[in-house]
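Trainee: My structure is in query.pdb, and what it holds is PDB, C-alpha atoms:
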MODEL        1
ATOM      1  CA  MET A  20       3.868 -11.916 -12.724
ATOM      2  CA  LYS A  21       7.527 -12.428 -13.338
ATOM      3  CA  ARG A  22       9.266 -14.973 -11.133
ATOM      4  CA  GLY A  23      11.357 -12.465  -9.146
ATOM      5  CA  LEU A  24       8.392 -10.222  -8.528
ATOM      6  CA  ARG A  25       6.222 -13.150  -7.478
ATOM      7  CA  LYS A  26       8.897 -14.225  -4.985
ATOM      8  CA  PHE A  27       9.236 -10.701  -3.597
ATOM      9  CA  VAL A  28       5.448 -10.256  -3.296
ATOM     10  CA  ARG A  29       5.158 -13.628  -1.519
ATOM     11  CA  ALA A  30       7.816 -12.530   0.989
ATOM     12  CA  ALA A  31       6.086  -9.153   1.361
ATOM     13  CA  GLY A  32       2.842 -11.042   2.033
ATOM     14  CA  LYS A  33       4.451 -12.790   4.997
ATOM     15  CA  THR A  34       5.780  -9.455   6.245
ATOM     16  CA  ALA A  35       2.353  -7.873   5.699
ATOM     17  CA  ARG A  36       0.744 -10.440   7.988
ATOM     18  CA  VAL A  37       3.255  -9.533  10.701
ATOM     19  CA  TYR A  38       2.416  -5.852  10.262
ATOM     20  CA  ALA A  39      -1.330  -6.550  10.255
ATOM     21  CA  GLU A  40      -1.011  -8.196  13.648
ATOM     22  CA  ASP A  41       0.998  -5.285  15.112
ATOM     23  CA  LYS A  42      -0.916  -2.054  14.649
ATOM     24  CA  LYS A  43       1.865   0.154  16.056
ATOM     25  CA  LYS A  44       4.235  -1.290  13.475
ATOM     26  CA  THR A  45       1.595  -0.660  10.804
ATOM     27  CA  GLU A  46       1.217   2.964  11.896
ATOM     28  CA  HIS A  47       4.976   3.447  11.568
ATOM     29  CA  LEU A  48       4.913   1.893   8.071
ATOM     30  CA  LEU A  49       2.054   4.192   7.036
ATOM     31  CA  ASP A  50       3.968   7.221   8.317
ATOM     32  CA  GLU A  51       6.990   6.152   6.248
ATOM     33  CA  ALA A  52       4.820   5.681   3.158
ATOM     34  CA  ALA A  53       3.218   9.105   3.583
ATOM     35  CA  ARG A  54       6.648  10.746   3.957
ATOM     36  CA  LYS A  55       7.955   8.978   0.868
ATOM     37  CA  ALA A  56       4.861   9.934  -1.148
ATOM     38  CA  ARG A  57       5.337  13.611  -0.189
ATOM     39  CA  ARG A  58       9.081  13.480  -0.868
ATOM     40  CA  GLU A  59       8.662  11.775  -4.256
ATOM     41  CA  LYS A  60       5.538  13.694  -5.225
ATOM     42  CA  GLY A  61       6.540  14.091  -8.881
ATOM     43  CA  LEU A  62       7.361  10.420  -9.303
ATOM     44  CA  VAL A  63       4.271   9.169  -7.457
ATOM     45  CA  GLY A  64       2.094  11.497  -9.537
ATOM     46  CA  GLU A  65      -0.447   9.376 -11.339
ATOM     47  CA  PHE A  66      -1.251   6.975  -8.523
ATOM     48  CA  ALA A  67      -0.964   9.505  -5.672
ATOM     49  CA  LYS A  68      -4.736   9.780  -5.193
ATOM     50  CA  ASP A  69      -5.233   6.018  -5.045
ATOM     51  CA  LEU A  70      -2.196   5.542  -2.817
ATOM     52  CA  GLY A  71      -3.632   8.180  -0.491
ATOM     53  CA  ALA A  72      -6.953   6.312  -0.330
ATOM     54  CA  LEU A  73      -5.104   3.079   0.388
ATOM     55  CA  LEU A  74      -3.158   4.710   3.236
ATOM     56  CA  ARG A  75      -6.347   6.258   4.662
ATOM     57  CA  LEU A  76      -8.109   2.877   4.566
ATOM     58  CA  LEU A  77      -5.265   1.270   6.496
ATOM     59  CA  ARG A  78      -5.133   4.147   9.013
ATOM     60  CA  ALA A  79      -8.888   3.916   9.626
ATOM     61  CA  TRP A  80      -8.552   0.151  10.100
ATOM     62  CA  VAL A  81      -5.599   0.534  12.495
ATOM     63  CA  LYS A  82      -7.542   3.067  14.573
ATOM     64  CA  GLY A  83     -10.573   0.769  14.674
ATOM     65  CA  GLN A  84     -12.722   3.310  12.845
ATOM     66  CA  TYR A  85     -13.314   1.117   9.796
ATOM     67  CA  LYS A  86     -13.841  -2.532  10.629
ATOM     68  CA  VAL A  87     -15.688  -3.969   7.631
ATOM     69  CA  VAL A  88     -12.601  -4.593   5.544
ATOM     70  CA  PRO A  89     -11.667  -8.212   4.750
ATOM     71  CA  TRP A  90      -8.390  -9.552   6.141
ATOM     72  CA  LYS A  91      -7.207 -10.378   2.601
ATOM     73  CA  THR A  92      -7.666  -6.712   1.605
ATOM     74  CA  ILE A  93      -5.624  -5.562   4.603
ATOM     75  CA  VAL A  94      -2.812  -7.940   3.694
ATOM     76  CA  TYR A  95      -2.872  -6.939  -0.012
ATOM     77  CA  ALA A  96      -2.870  -3.249   0.919
ATOM     78  CA  LEU A  97       0.050  -3.777   3.272
ATOM     79  CA  VAL A  98       1.961  -5.652   0.561
ATOM     80  CA  ALA A  99       1.601  -2.612  -1.707
ATOM     81  CA  VAL A 100       2.729  -0.207   1.023
ATOM     82  CA  ILE A 101       5.671  -2.387   2.037
ATOM     83  CA  TYR A 102       6.751  -2.637  -1.602
ATOM     84  CA  PHE A 103       6.407   1.133  -2.032
ATOM     85  CA  VAL A 104       8.400   1.928   1.117
ATOM     86  CA  ASP A 105      11.179  -0.617   0.536
ATOM     87  CA  PRO A 106      13.925   1.188  -1.428
ATOM     88  CA  PHE A 107      15.573  -2.128  -2.338
ATOM     89  CA  ASP A 108      12.640  -3.988  -3.857
ATOM     90  CA  LEU A 109      12.840  -5.792  -7.186
ATOM     91  CA  VAL A 110      14.061  -2.633  -8.969
ATOM     92  CA  PRO A 111      15.796  -0.391  -6.406
ATOM     93  CA  ASP A 112      14.395   3.128  -6.134
ATOM     94  CA  PHE A 113      17.750   4.709  -6.944
ATOM     95  CA  VAL A 114      17.481   3.369 -10.520
ATOM     96  CA  PRO A 115      16.159   6.405 -12.432
ATOM     97  CA  LEU A 116      12.488   6.114 -13.354
ATOM     98  CA  MET A 117      12.440   2.298 -13.387
ATOM     99  CA  GLY A 118      12.787   2.240  -9.609
ATOM    100  CA  TYR A 119       9.317   3.734  -9.308
ATOM    101  CA  LEU A 120       7.672   2.045 -12.266
ATOM    102  CA  ASP A 121       7.791  -1.304 -10.495
ATOM    103  CA  ASP A 122       6.269   0.314  -7.381
ATOM    104  CA  ALA A 123       3.481   1.728  -9.545
ATOM    105  CA  GLY A 124       2.933  -1.712 -11.099
ATOM    106  CA  VAL A 125       2.575  -3.458  -7.745
ATOM    107  CA  ILE A 126       0.367  -0.702  -6.338
ATOM    108  CA  GLY A 127      -1.769  -0.762  -9.495
ATOM    109  CA  PHE A 128      -2.156  -4.540  -9.279
ATOM    110  CA  VAL A 129      -3.196  -4.328  -5.622
ATOM    111  CA  LEU A 130      -5.584  -1.434  -6.291
ATOM    112  CA  ARG A 131      -7.298  -3.457  -9.026
ATOM    113  CA  SER A 132      -7.453  -6.498  -6.744
ATOM    114  CA  ILE A 133      -9.108  -4.615  -3.873
ATOM    115  CA  SER A 134     -11.025  -2.018  -5.907
ATOM    116  CA  LYS A 135     -14.432  -3.087  -4.569
ATOM    117  CA  ASP A 136     -13.305  -2.827  -0.938
ATOM    118  CA  LEU A 137     -11.502   0.459  -1.587
ATOM    119  CA  LYS A 138     -14.630   1.923  -3.190
ATOM    120  CA  LEU A 139     -16.733   0.837  -0.197
ATOM    121  CA  PHE A 140     -14.203   2.501   2.097
ATOM    122  CA  GLN A 141     -14.301   5.744   0.103
ATOM    123  CA  GLU A 142     -18.117   5.741   0.270
ATOM    124  CA  TRP A 143     -17.941   5.170   4.030
ATOM    125  CA  GLU A 144     -15.344   7.937   4.311
ATOM    126  CA  ALA A 145     -17.554  10.374   2.349
ATOM    127  CA  GLU A 146     -20.558   9.598   4.566
ATOM    128  CA  ALA A 147     -18.459  10.015   7.718
ATOM    129  CA  ARG A 148     -17.567  13.600   6.755
TER     130      ARG A 148
ENDMDL
END
Give the structure from the file, written as C-alpha cells.

Mentor:
Amino acid sequence: MKRGLRKFVRAAGKTARVYAEDKKKTEHLLDEAARKARREKGLVGEFAKDLGALLRLLRAWVKGQYKVVPWKTIVYALVAVIYFVDPFDLVPDFVPLMGYLDDAGVIGFVLRSISKDLKLFQEWEAEAR
C-alpha cells in the first residue's frame, strides 16, 4: 500500500474500533453508506453486490442476529465503509472517476481480506431465508 493510503487506513482503523463499540453510530454509518451507494449507483457498479453483502453483514452483526463474525472482520469491514462514506479520503470523491477508484481499491482489498467470513455470512443469510 502506498504511504498515504496506509496512514489513512490506519486512522480509519482507529475510527472503526470506535464505531464497532457504538452500535447506534455504526447503524448511522451504514445508513450513510447505503444512501451513497444508491446515489452513486453508476460509479459503484462493479462492487455494488459485494458492498451490499458487506453492509448486510454489519447490519446483522449490529442487530445481534449474526454473532459468529471475528472482531478483526468487523473492524476491516468498518474501515471499508468509513473509507467509502468519507468524501475527503485519499482521493476526494469530487475528483472525476479517480475519487471512486480509490474507494473501490480499499473495498476490494477488504473484501479479499475477509472473503472467508463474508462467504460464511452469505451462507448463513441464505439458510436464514

Trainee: If we count all atoms listed in the file and set the cut-off at 12 Å, which residues sit around A:His47, ignoring sequence neighbours fewer than 6 positions away in its own chain? Please answer as a list in words.

Mentor: Tyr38, Ala39, Asp41, Ala53, Arg54, Leu74, Leu77, Arg78, Val81, Val100, Ile101 and Val104 of chain A

Trainee: Step by step, work through what the PyMOL selection byres ((chain A and resi 97) around 9) selects in the shown file, and finish by giving those residues as a list in words.

Mentor: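 Applying the PyMOL selection byres ((chain A and resi 97) around 9) to the structure shown produces Ala31, Gly32, Thr34, Ala35, Arg36, Tyr38, Ala39, Thr45, Leu48, Leu77, Thr92, Ile93, Val94, Tyr95, Ala96, Val98, Ala99, Val100, Ile101 and Tyr102 of chain A.
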
Trainee: Tell me, as an mmCIF file with C-alpha atoms, in the frame of the given file, which residues lie within 12 Å of A:Ala147, counting all atoms listed in the file; anything in the same chain fewer than 5 positions away does not count.

Mentor:
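As written to disk, out21.cif reads:
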data_model
loop_
_atom_site.group_PDB
_atom_site.id
_atom_site.type_symbol
_atom_site.label_atom_id
_atom_site.label_comp_id
_atom_site.auth_asym_id
_atom_site.auth_seq_id
_atom_site.Cartn_x
_atom_site.Cartn_y
_atom_site.Cartn_z
ATOM 1 C CA ALA A 79 -8.888 3.916 9.626
ATOM 2 C CA GLN A 84 -12.722 3.310 12.845
ATOM 3 C CA TYR A 85 -13.314 1.117 9.796
ATOM 4 C CA PHE A 140 -14.203 2.501 2.097
ATOM 5 C CA GLN A 141 -14.301 5.744 0.103
ATOM 6 C CA GLU A 142 -18.117 5.741 0.270
#

Trainee: To one decimal place, how far is atom CA of A:Ile126 from atom CA of A:Ala30 in Å?

Mentor: 15.8 Å

Trainee: Give as number ranges by chain the residues that the PyMOL selection byres ((chain A and resi 88) around 9) matches when applied to the coordinates above.

Mentor: A: 76, 80, 85-87, 89-93, 136-137, 139-140

Trainee: Distance atom CA of A:Glu51-atom CA of A:Leu70, one decimal place?

Mentor: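 Atom-to-atom, atom CA of A:Glu51 and atom CA of A:Leu70 are spaced 12.9 Å apart.
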
Trainee: I need the residue nearest A:Arg131 from this list: A:Ala145, A:Leu49, A:Ala67, A:Leu73. Use only C-alpha atoms for the distance.

Mentor: A:Leu73

Trainee: Atom CA of A:Asp69 to atom CA of A:Gly83: how many Å, to one decimal?

Mentor: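 Those two atoms sit 21.1 Å apart.
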
Trainee: Would you mind telling me which residue in A:Arg75, A:Lys138, A:Val125, A:Phe103 lies nearest to A:Lys55 when using only C-alpha atoms?

Mentor: A:Phe103

Trainee: Give the centre and edge lengths of an axis-aligned box, in Å to one decimal, that holds all listed atoms of stretch 82-98 of chain A with 8 Å on each side, as JSON.

Mentor:
{"center_x": -6.9, "center_y": -3.5, "center_z": 7.3, "size_x": 33.6, "size_y": 29.7, "size_z": 30.7}

Trainee: Taking all atoms listed in the file into account, which of A:Leu130, A:Arg29, A:Lys42, A:Gly71 comes nearest A:Arg57?

Mentor: A:Gly71
